[in-house]
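One structure is given below, encoded as structure tokens.
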Amino acid sequence: MEGGSNRPADVRVLFMGSPEFAVPSLRALAASGYDVVAVITQPDRPSGRGGRTTAAPVKVAAEALKLTVHQPSELRSDEAFAALAAFSPDLIVVAAYGKILSRRVLALPGRGSINVHASLLPRWRGASPINAAILNGDEETGVSIMEMVREMDAGPVIAQQSIPIGDDATTATIEPRLAELGAETLVEVLPGWLAGGRKATPQDESAVTVCSPLRKEDGHLRREMAAEEAERAVRAYDPWPGAFVLYRGQRLAIWRAHVEQDDAVPVAGTPTVLDRRPAVAFPGGWLVLDEVQRVGARRVEGSAFLNGERGMFAGEIGLA
């Protein structure tokens, strides 16, 4: 960390990020006076039903800040590395960029590379930490600012901040809070870390948990899930990939649900009606569907859905 000025305007930062989670960190660095010499983000991609090409949220934010944007399709080649090296960064800051950085990229800046990660490391290293924390019933989550190493999310931790996970928390409600918390923590600790006065702490390898990237099919509720786990999955997979079951052979998305505990429920997947709402049996209780959505339709209350079904919720419910 030694050598070079610690004044923000004298620190050349190469920022790497893509989704909405990364935007507050980029804005905070710019607002704090750091010299953000370039923003590296994912290429524009088709999105939505129409397949219209869409820019990553970080690109939109960077252009609004009048920052240089670079969108390489890969970082492994000599040409890609040379393009990064041309920016002569003192520091790389990463927030949900979406690609693993090579050793030579991590070693490029003279003052190191750091990452804003949405978990309390070493818990939930990987690509879906917020989803994993909710799905597994964690009581709290948070952000970690860490020094980057070649192994994914394994570097020493500079600082952490935590928030509780409420009983009604979803990924959609938690992620913006963590994005802002990560940005605040980043700019708070960065001056001391750059000056060498704030040291990073190695992670406890015996406490590591890992989460994988989510797939669209992960939202399909599984037969072996306990009722409480199924309810957490509804919250964990909001907004993506969205929890669902198959009803009459078609996807029925579940956006809100609660559990009615019952140790004597029939076989998993059995449908019924409870308190004028559709419900599905899981081990340990009923998952009562408070808000659902058919394919191509809008979200409706469970009671309104039943009205369209003439008050019935019967037939085979498809679970994974």
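Labeling convention for the structure tokens: chains A, B, ... as they appear, residues from 1 per chain, ligands from 1 in order of appearance.
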
Problem set entry | Contacts of region 18-33 of chain A within 8 Å, only C-alpha atoms, excl. fewer than 2 positions in-chain, as a list in words | Pro8, Ala9, Phe15, Met16, Asp35, Val36, Thr41, Gln42, Ala56, Pro57, Val58, Lys59, Ala61, Ala62, Ala95, Ala96, Tyr97, Gly98, Glu175, Pro176, Leu178, Ala179, Glu180, Gly182, Ala183, Glu184, Leu186 and Val187 of chain A

Cut-off 8 Å: closest region 212-241 of chain A/region 259-262 of chain A atom pairs per residue, using only C-alpha atoms, as a Markdown table:
| residue | atom | partner | partner_atom | distance |
| --- | --- | --- | --- | --- |
| A:Ala227 | CA | A:Val259 | CA | 6.4 |
| A:Glu228 | CA | A:Val259 | CA | 6.4 |
| A:Glu231 | CA | A:Val259 | CA | 6.8 |

Limited to C-alpha atoms, could you put the picked residues into a file as an mmCIF file, in the first residue's frame?
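Saved the output as selection-v3.cif:
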data_model
loop_
_atom_site.group_PDB
_atom_site.id
_atom_site.type_symbol
_atom_site.label_atom_id
_atom_site.label_comp_id
_atom_site.auth_asym_id
_atom_site.auth_seq_id
_atom_site.Cartn_x
_atom_site.Cartn_y
_atom_site.Cartn_z
ATOM 1 C CA ALA A 227 -42.524 -25.744 3.948
ATOM 2 C CA GLU A 228 -40.414 -23.054 5.623
ATOM 3 C CA GLU A 231 -41.311 -19.939 1.706
#

For this session: Do a neighbour search on region 140-156 of chain A at 8 Å with only C-alpha atoms, toss out local chain neighbours closer than 2 positions, and write the hits as number ranges by chain.
Result: A: 100-103, 106, 112-122, 125-126, 130, 133, 138, 158-165, 178, 181-182, 185-186, 200-203

For this session: Would you mind telling me which residue in A:Gly249, A:Pro46, A:Gly17, A:Pro72 lies nearest to Ile92 (chain A) when using only C-alpha atoms?
Result: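 Nearest to Ile92 (chain A): A:Gly17.
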
Exercise. In terms of the shortest atom-to-atom distance over only C-alpha atoms, which of A:Glu74, A:Glu63, A:Pro109, A:Cys211 is closest to Arg123 (chain A)?
Worked result: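 For Arg123 (chain A), the nearest of the given residues is A:Cys211.
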
For this session: Could you tell me, as a PyMOL selection string, which residues of region 73-294 of chain A DSSP assigns to helix (DSSP H, G or I) when given the backbone?
Result: chain A and resi 78-85+103-106+129-135+171-195+205-207+216-219+227-236

Using C-alpha atoms, can you export the residues from the last selection as a PDB file, in the first residue's frame?
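So the final result, stored in part.pdb, reads:
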ATOM      1  CA  ASP A  78      -2.835  -9.967 -24.479  1.00  0.00           C
ATOM      2  CA  GLU A  79      -4.860  -7.361 -26.366  1.00  0.00           C
ATOM      3  CA  ALA A  80      -7.475  -7.124 -23.589  1.00  0.00           C
ATOM      4  CA  PHE A  81      -4.782  -6.826 -20.933  1.00  0.00           C
ATOM      5  CA  ALA A  82      -2.953  -4.148 -22.909  1.00  0.00           C
ATOM      6  CA  ALA A  83      -6.176  -2.128 -23.122  1.00  0.00           C
ATOM      7  CA  LEU A  84      -6.499  -2.206 -19.333  1.00  0.00           C
ATOM      8  CA  ALA A  85      -2.828  -1.414 -18.800  1.00  0.00           C
ATOM      9  CA  ARG A 103      -3.390 -12.773 -11.722  1.00  0.00           C
ATOM     10  CA  ARG A 104      -1.831 -10.288 -14.093  1.00  0.00           C
ATOM     11  CA  VAL A 105      -4.939  -8.094 -14.074  1.00  0.00           C
ATOM     12  CA  LEU A 106      -5.035  -8.179 -10.261  1.00  0.00           C
ATOM     13  CA  PRO A 129     -24.718 -14.400  -1.752  1.00  0.00           C
ATOM     14  CA  ILE A 130     -27.921 -12.460  -1.035  1.00  0.00           C
ATOM     15  CA  ASN A 131     -30.125 -15.252  -2.367  1.00  0.00           C
ATOM     16  CA  ALA A 132     -28.143 -17.823  -0.396  1.00  0.00           C
ATOM     17  CA  ALA A 133     -28.422 -15.911   2.879  1.00  0.00           C
ATOM     18  CA  ILE A 134     -32.221 -15.677   2.607  1.00  0.00           C
ATOM     19  CA  LEU A 135     -32.676 -19.226   1.346  1.00  0.00           C
ATOM     20  CA  THR A 171     -33.510 -10.275  -2.525  1.00  0.00           C
ATOM     21  CA  ALA A 172     -35.290  -7.387  -4.239  1.00  0.00           C
ATOM     22  CA  THR A 173     -35.559  -5.451  -0.961  1.00  0.00           C
ATOM     23  CA  ILE A 174     -32.174  -6.403   0.537  1.00  0.00           C
ATOM     24  CA  GLU A 175     -29.952  -5.828  -2.501  1.00  0.00           C
ATOM     25  CA  PRO A 176     -30.437  -2.035  -2.788  1.00  0.00           C
ATOM     26  CA  ARG A 177     -29.706  -1.646   0.928  1.00  0.00           C
ATOM     27  CA  LEU A 178     -26.489  -3.644   0.599  1.00  0.00           C
ATOM     28  CA  ALA A 179     -25.474  -1.722  -2.517  1.00  0.00           C
ATOM     29  CA  GLU A 180     -25.698   1.578  -0.638  1.00  0.00           C
ATOM     30  CA  LEU A 181     -24.031   0.099   2.463  1.00  0.00           C
ATOM     31  CA  GLY A 182     -21.187  -1.255   0.333  1.00  0.00           C
ATOM     32  CA  ALA A 183     -20.631   2.131  -1.283  1.00  0.00           C
ATOM     33  CA  GLU A 184     -20.625   3.935   2.070  1.00  0.00           C
ATOM     34  CA  THR A 185     -18.211   1.438   3.604  1.00  0.00           C
ATOM     35  CA  LEU A 186     -15.908   1.525   0.580  1.00  0.00           C
ATOM     36  CA  VAL A 187     -15.285   5.256   0.620  1.00  0.00           C
ATOM     37  CA  GLU A 188     -15.114   5.308   4.424  1.00  0.00           C
ATOM     38  CA  VAL A 189     -12.274   2.775   4.681  1.00  0.00           C
ATOM     39  CA  LEU A 190     -10.409   3.451   1.445  1.00  0.00           C
ATOM     40  CA  PRO A 191      -8.308   6.421   2.655  1.00  0.00           C
ATOM     41  CA  GLY A 192      -6.986   4.544   5.682  1.00  0.00           C
ATOM     42  CA  TRP A 193      -6.296   1.416   3.645  1.00  0.00           C
ATOM     43  CA  LEU A 194      -4.452   3.372   0.960  1.00  0.00           C
ATOM     44  CA  ALA A 195      -2.371   5.075   3.643  1.00  0.00           C
ATOM     45  CA  GLU A 205     -11.062 -20.911   5.999  1.00  0.00           C
ATOM     46  CA  SER A 206     -12.847 -23.286   8.389  1.00  0.00           C
ATOM     47  CA  ALA A 207     -15.999 -21.126   8.178  1.00  0.00           C
ATOM     48  CA  LYS A 216     -33.583 -20.208 -14.310  1.00  0.00           C
ATOM     49  CA  GLU A 217     -34.637 -23.702 -13.229  1.00  0.00           C
ATOM     50  CA  ASP A 218     -33.550 -23.092  -9.624  1.00  0.00           C
ATOM     51  CA  GLY A 219     -36.835 -21.295  -9.057  1.00  0.00           C
ATOM     52  CA  ALA A 227     -42.524 -25.744   3.948  1.00  0.00           C
ATOM     53  CA  GLU A 228     -40.414 -23.054   5.623  1.00  0.00           C
ATOM     54  CA  GLU A 229     -37.623 -23.580   3.115  1.00  0.00           C
ATOM     55  CA  ALA A 230     -40.098 -23.252   0.247  1.00  0.00           C
ATOM     56  CA  GLU A 231     -41.311 -19.939   1.706  1.00  0.00           C
ATOM     57  CA  ARG A 232     -37.717 -18.691   1.979  1.00  0.00           C
ATOM     58  CA  ALA A 233     -37.145 -19.717  -1.646  1.00  0.00           C
ATOM     59  CA  VAL A 234     -40.050 -17.500  -2.697  1.00  0.00           C
ATOM     60  CA  ARG A 235     -38.283 -14.547  -1.046  1.00  0.00           C
ATOM     61  CA  ALA A 236     -34.777 -15.531  -2.095  1.00  0.00           C
TER      62      ALA A 236
END

Problem set entry | strand (DSSP E or B) call set, DSSP backbone run, region 125-287 of chain A, as an NGL selection string | :A and (125-126 or 140-147 or 157-164 or 201 or 210-211 or 220 or 243-247 or 250-261 or 271-274 or 277-282 or 285-287)

Seminar exercise, completed: Using only C-alpha atoms, the shortest atom-to-atom distance to Leu221 (chain A) among A:Gly48, A:Pro278, A:Gly4, A:Pro241 belongs to A:Pro241
